[in-house]
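Enquirer: This is the content of protein.csv (CSV, C-alpha atoms):
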chain,number,residue,atom,x,y,z
A,1,MET,CA,103.7,93.4,117.7
A,2,SER,CA,105.9,91.5,115.2
A,3,SER,CA,108.9,93.4,113.9
A,4,VAL,CA,108.7,91.6,110.6
A,5,ILE,CA,107.2,93.5,107.7
A,6,GLU,CA,104.3,91.4,106.3
A,7,PRO,CA,105.1,90.3,102.8
A,8,VAL,CA,102.9,91.4,99.9
A,9,GLU,CA,100.6,88.6,99.2
A,10,GLY,CA,100.5,87.3,95.7
A,11,LEU,CA,97.4,87.7,93.6
A,12,PRO,CA,95.5,84.6,92.5
A,13,ARG,CA,96.8,82.8,89.4
A,14,GLY,CA,96.3,85.1,86.4
A,15,GLY,CA,95.6,88.1,88.7
A,16,TRP,CA,98.8,90.0,87.8
A,17,ARG,CA,98.1,89.5,84.1
A,18,VAL,CA,94.6,90.9,84.5
A,19,GLY,CA,95.8,93.8,86.6
A,20,LEU,CA,98.5,94.6,84.0
A,21,LEU,CA,95.9,94.5,81.2
A,22,LEU,CA,93.6,96.8,83.2
A,23,LEU,CA,96.5,99.2,83.8
A,24,VAL,CA,97.4,99.2,80.1
A,25,ALA,CA,93.7,99.8,79.2
A,26,LEU,CA,93.5,102.7,81.8
A,27,VAL,CA,96.6,104.4,80.4
A,28,ALA,CA,95.5,103.9,76.8
A,29,TYR,CA,92.1,105.4,77.7
A,30,GLN,CA,93.5,108.4,79.4
A,31,VAL,CA,96.0,109.1,76.5
A,32,LEU,CA,93.1,108.8,74.0
A,33,LEU,CA,90.9,111.1,76.1
A,34,HIS,CA,93.7,113.6,76.3
A,35,TRP,CA,94.2,113.5,72.5
A,36,ALA,CA,90.4,113.9,72.0
A,37,ILE,CA,90.2,116.9,74.3
A,38,SER,CA,93.4,118.5,72.9
A,39,SER,CA,92.6,118.0,69.2
A,40,ASP,CA,88.9,118.6,69.7
A,41,PRO,CA,87.4,116.0,67.4
A,42,ARG,CA,83.7,116.5,67.5
A,43,GLY,CA,81.9,114.6,70.2
A,44,LEU,CA,84.6,112.1,70.9
A,45,GLY,CA,85.9,113.7,74.1
A,46,GLU,CA,82.4,113.9,75.6
A,47,PHE,CA,81.7,110.3,74.6
A,48,LEU,CA,84.9,109.0,76.2
A,49,THR,CA,84.2,111.0,79.4
A,50,ILE,CA,80.6,109.9,79.8
A,51,ALA,CA,80.6,106.3,78.5
A,52,PRO,CA,82.7,104.8,81.3
A,53,LEU,CA,80.7,106.6,84.0
A,54,ALA,CA,77.5,105.4,82.5
A,55,ALA,CA,78.8,101.8,82.2
A,56,ALA,CA,79.9,101.8,85.8
A,57,LEU,CA,76.6,103.1,87.0
A,58,ILE,CA,74.7,100.5,84.9
A,59,TRP,CA,76.9,97.7,86.3
A,60,PHE,CA,76.7,98.9,89.9
A,61,MET,CA,73.1,99.9,90.1
A,62,GLY,CA,71.6,97.3,87.7
A,63,ARG,CA,72.1,94.4,90.1
A,64,SER,CA,68.9,94.9,92.1
A,65,TRP,CA,65.4,96.3,91.5
A,66,ARG,CA,66.1,99.3,93.8
A,67,GLY,CA,69.3,100.0,91.9
A,68,ARG,CA,67.5,99.8,88.5
A,69,LEU,CA,64.8,102.2,89.9
A,70,GLY,CA,67.5,104.6,91.0
A,71,LEU,CA,69.3,104.2,87.7
A,72,THR,CA,66.1,105.1,85.8
A,73,ALA,CA,65.7,108.2,88.0
A,74,LEU,CA,69.3,109.2,87.3
A,75,MET,CA,68.8,108.7,83.5
A,76,LEU,CA,65.7,111.0,83.6
A,77,ALA,CA,67.6,113.6,85.7
A,78,ALA,CA,70.5,113.4,83.3
A,79,LEU,CA,68.2,113.9,80.3
A,80,ALA,CA,66.6,116.9,81.9
A,81,ALA,CA,70.0,118.3,82.8
A,82,TRP,CA,71.2,117.9,79.3
A,83,VAL,CA,68.1,119.8,77.9
A,84,VAL,CA,68.6,122.6,80.4
A,85,TRP,CA,72.3,122.6,79.7
A,86,GLY,CA,71.8,123.1,76.0
A,87,ALA,CA,69.1,125.7,76.5
A,88,ALA,CA,71.3,127.7,78.8
A,89,SER,CA,74.2,127.5,76.4
A,90,ALA,CA,76.5,126.2,79.1
A,91,ASN,CA,80.2,125.6,78.4
A,92,PRO,CA,80.3,122.1,77.0
A,93,ALA,CA,83.8,121.6,78.3
A,94,LEU,CA,82.3,121.4,81.8
A,95,VAL,CA,81.5,117.7,81.0
A,96,TYR,CA,85.2,117.1,81.4
A,97,LEU,CA,85.7,119.0,84.6
A,98,LEU,CA,82.8,117.7,86.6
A,99,PRO,CA,83.7,113.9,86.7
A,100,HIS,CA,87.4,114.6,87.5
A,101,ALA,CA,86.9,117.2,90.2
A,102,GLY,CA,83.8,115.4,91.4
A,103,ALA,CA,85.6,112.2,92.0
A,104,TYR,CA,88.2,113.9,94.2
A,105,LEU,CA,85.5,115.8,96.1
A,106,PHE,CA,83.8,112.5,96.7
A,107,MET,CA,87.0,111.0,98.1
A,108,LEU,CA,87.5,114.1,100.2
A,109,TRP,CA,84.0,113.6,101.6
A,110,LEU,CA,84.6,109.9,102.2
A,111,PHE,CA,87.8,110.4,104.1
A,112,GLY,CA,86.9,113.8,105.7
A,113,ARG,CA,83.6,112.8,107.3
A,114,THR,CA,85.5,110.2,109.4
A,115,MET,CA,87.5,113.1,111.0
A,116,MET,CA,84.4,114.5,112.6
A,117,PRO,CA,83.9,114.2,116.4
A,118,GLY,CA,82.7,110.8,117.5
A,119,ARG,CA,84.1,109.1,114.4
A,120,GLU,CA,87.2,107.0,113.8
A,121,ALA,CA,89.5,108.2,111.0
A,122,LEU,CA,89.2,106.0,108.0
A,123,ILE,CA,92.8,104.8,107.8
A,124,THR,CA,92.8,104.2,111.5
A,125,ARG,CA,89.8,102.0,111.1
A,126,LEU,CA,91.4,100.1,108.2
A,127,ALA,CA,94.6,99.6,110.2
A,128,ARG,CA,92.6,98.4,113.2
A,129,HIS,CA,90.8,95.9,111.1
A,130,VAL,CA,94.1,94.5,109.7
A,131,HIS,CA,96.2,94.6,112.9
A,132,GLY,CA,93.7,94.5,115.8
A,133,THR,CA,94.8,96.7,118.7
A,134,LEU,CA,97.1,99.6,117.5
A,135,PRO,CA,99.9,101.1,119.5
A,136,GLU,CA,99.2,104.7,120.4
A,137,ASP,CA,101.8,106.2,118.1
A,138,ILE,CA,100.5,104.1,115.1
A,139,GLU,CA,96.9,105.2,115.9
A,140,ARG,CA,98.0,108.8,115.9
A,141,TYR,CA,99.9,108.3,112.7
A,142,THR,CA,96.9,106.8,110.8
A,143,ARG,CA,94.7,109.7,111.8
A,144,GLN,CA,97.4,112.1,110.5
A,145,VAL,CA,97.6,110.1,107.2
A,146,THR,CA,93.8,110.4,106.8
A,147,THR,CA,94.2,114.2,107.1
A,148,VAL,CA,97.0,114.2,104.6
A,149,TRP,CA,94.9,112.2,102.1
A,150,CYS,CA,92.1,114.8,102.6
A,151,LEU,CA,94.5,117.6,101.8
A,152,PHE,CA,95.7,115.6,98.7
A,153,PHE,CA,92.1,115.2,97.4
A,154,ALA,CA,91.3,118.8,98.1
A,155,GLY,CA,94.4,119.9,96.4
A,156,MET,CA,93.7,117.8,93.3
A,157,ALA,CA,90.2,119.1,93.0
A,158,LEU,CA,91.3,122.7,93.5
A,159,THR,CA,94.1,122.4,91.0
A,160,SER,CA,91.7,120.8,88.5
A,161,LEU,CA,89.3,123.7,88.9
A,162,MET,CA,92.0,126.4,88.7
A,163,LEU,CA,93.6,124.9,85.6
A,164,PHE,CA,90.2,124.5,83.9
A,165,LEU,CA,89.3,128.2,84.6
A,166,LEU,CA,92.7,129.8,83.9
A,167,ALA,CA,94.6,127.6,81.5
A,168,PRO,CA,93.9,126.2,78.0
A,169,LEU,CA,91.8,123.1,78.0
A,170,ALA,CA,94.8,121.1,76.7
A,171,VAL,CA,96.9,122.1,79.7
A,172,TRP,CA,94.1,121.0,82.1
A,173,SER,CA,93.9,117.7,80.2
A,174,VAL,CA,97.6,117.0,80.8
A,175,PHE,CA,96.9,117.3,84.5
A,176,ALA,CA,93.6,115.5,84.6
A,177,ASN,CA,94.4,112.7,82.2
A,178,LEU,CA,98.1,112.2,81.9
A,179,LEU,CA,99.3,113.1,85.5
A,180,ASN,CA,96.2,111.9,87.4
A,181,VAL,CA,97.2,108.3,88.0
A,182,PRO,CA,101.0,109.0,88.4
A,183,LEU,CA,100.2,111.6,91.1
A,184,VAL,CA,98.0,109.2,93.1
A,185,VAL,CA,100.5,106.4,92.8
A,186,ALA,CA,103.3,108.7,93.9
A,187,MET,CA,101.3,109.8,96.9
A,188,PHE,CA,100.6,106.2,97.9
A,189,LEU,CA,104.2,105.1,97.5
A,190,ALA,CA,105.6,108.2,99.3
A,191,GLU,CA,103.4,107.5,102.3
A,192,TYR,CA,104.2,103.8,102.3
A,193,LEU,CA,108.0,104.4,102.1
A,194,TYR,CA,107.8,107.0,104.8
A,195,ARG,CA,105.8,104.6,107.0
A,196,ILE,CA,108.3,101.8,106.5
A,197,LEU,CA,111.2,104.1,107.4
A,198,ARG,CA,109.5,105.7,110.4
A,199,TYR,CA,108.1,102.5,111.9
A,200,PRO,CA,110.6,99.8,110.9
A,201,ASN,CA,109.5,97.5,113.8
A,202,PHE,CA,105.8,97.6,112.9
A,203,SER,CA,104.2,94.7,111.0
A,204,HIS,CA,103.0,96.5,107.9
A,205,ALA,CA,99.9,95.2,106.1
A,206,SER,CA,100.1,93.7,102.7
A,207,ILE,CA,98.4,95.3,99.7
A,208,ARG,CA,95.8,92.6,99.6
A,209,SER,CA,94.9,93.0,103.3
A,210,THR,CA,94.6,96.8,102.8
A,211,ILE,CA,92.3,96.4,99.8
A,212,ARG,CA,90.1,93.9,101.6
A,213,ALA,CA,89.9,96.2,104.6
A,214,PHE,CA,88.9,99.1,102.4
A,215,GLN,CA,86.2,97.1,100.6
A,216,LYS,CA,84.7,96.0,103.9
A,217,HIS,CA,85.1,99.0,106.1
A,218,GLY,CA,85.8,101.9,103.8
A,219,GLY,CA,82.3,103.3,103.9
A,220,SER,CA,82.1,103.5,107.7
A,221,GLY,CA,83.7,106.0,110.0
A,222,ARG,CA,81.9,105.3,113.2
A,223,ALA,CA,83.9,105.0,116.4
A,224,PRO,CA,84.3,101.4,117.6
As structure tokens - that is how I would like this structure written.
Expert:
Amino acid sequence: MSSVIEPVEGLPRGGWRVGLLLLVALVAYQVLLHWAISSDPRGLGEFLTIAPLAAALIWFMGRSWRGRLGLTALMLAALAAWVVWGAASANPALVYLLPHAGAYLFMLWLFGRTMMPGREALITRLARHVHGTLPEDIERYTRQVTTVWCLFFAGMALTSLMLFLLAPLAVWSVFANLLNVPLVVAMFLAEYLYRILRYPNFSHASIRSTIRAFQKHGGSGRAP
């Protein structure tokens, strides 16, 4: 195994500019959503929460006839849920909690299911795809990191729920909208720096290689 750390591959021409614009747009969106939730302008917070999710579903599911059929079913289910929600006088602020906590619970499921017997840990699988055969200590480490990410996702979902139930909505929004991305980035960087220091002689994967591996193998946790 090479002792040289693999350099971070550059993005295609214009890729960094697009990435920067997306980052600025994401930050602006979250700041705007936090303002809408905190100042409670009528309907804006709900719209800003639901619209991106609806757009993502339409884009993802609208590419095939089966997806469009599923999208139609989801729209009908959402309409029925909205009617029941209103009839039951449910807390309208739940529309903020469910996407945030739900996203972390989904990630917990995605990573956690690969820790079951007979399955290969998700990060182990990604590392094996990038590097091929893994040394025993690296394989053990990648399984441990998968567990750590599961704990992170569970902690984020639990913190979101507890703040939503026990703190003012504006306080919850600070955590869910203003601290959300910085916490994820901090977790990612902390793990990366720890890995670099602990295994200085291992050829670490580039960001592009990691993203490609996740896109190709992120949904599978079967043992090889």
Enquirer: For atom CA of Met116 of chain A and atom CA of Cys150 of chain A, quote the distance in Å rounded to one decimal.
Expert: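 Distance between the two atoms: 12.6 Å.
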Enquirer: May I ask which of the residues A:Met75, A:Met162, A:Leu122, A:Leu151 is the closest one to Leu108 of chain A, counting all atoms listed in the file?
Expert: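 Checking each of A:Met75, A:Met162, A:Leu122, A:Leu151 against Leu108 of chain A, counting all atoms listed in the file, the winner is A:Leu151.
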Enquirer: Per residue of segment 97-122 of chain A within 12 Å of segment 30-50 of chain A, note the shortest atom pair and the distance in Å to one decimal, counting only C-alpha atoms, and order the rows by chain and increasing residue number, as a tab-separated table.
Expert:
residue	atom	partner	partner_atom	distance
A:Leu97	CA	A:Thr49	CA	9.7
A:Leu98	CA	A:Thr49	CA	9.9
A:Pro99	CA	A:Thr49	CA	7.9
A:His100	CA	A:Thr49	CA	9.4
Enquirer: Quick one: distance from atom CA of Thr147 of chain A to atom CA of Gly112 of chain A in Å, one decimal?
Expert: 7.4 Å
Enquirer: Please measure the separation of atom CA of Val185 of chain A and atom CA of Gly155 of chain A, giving the value in Å to one decimal.
Expert: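 According to the coordinates, atom CA of Val185 of chain A and atom CA of Gly155 of chain A are separated by 15.2 Å.
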Enquirer: Would you please work out which residue, of A:Leu53, A:Val181, A:Leu163, A:Ala25, is nearest to Val95 of chain A when using all atoms listed in the file?
Expert: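 Result for the nearest residue to Val95 of chain A: A:Leu53.
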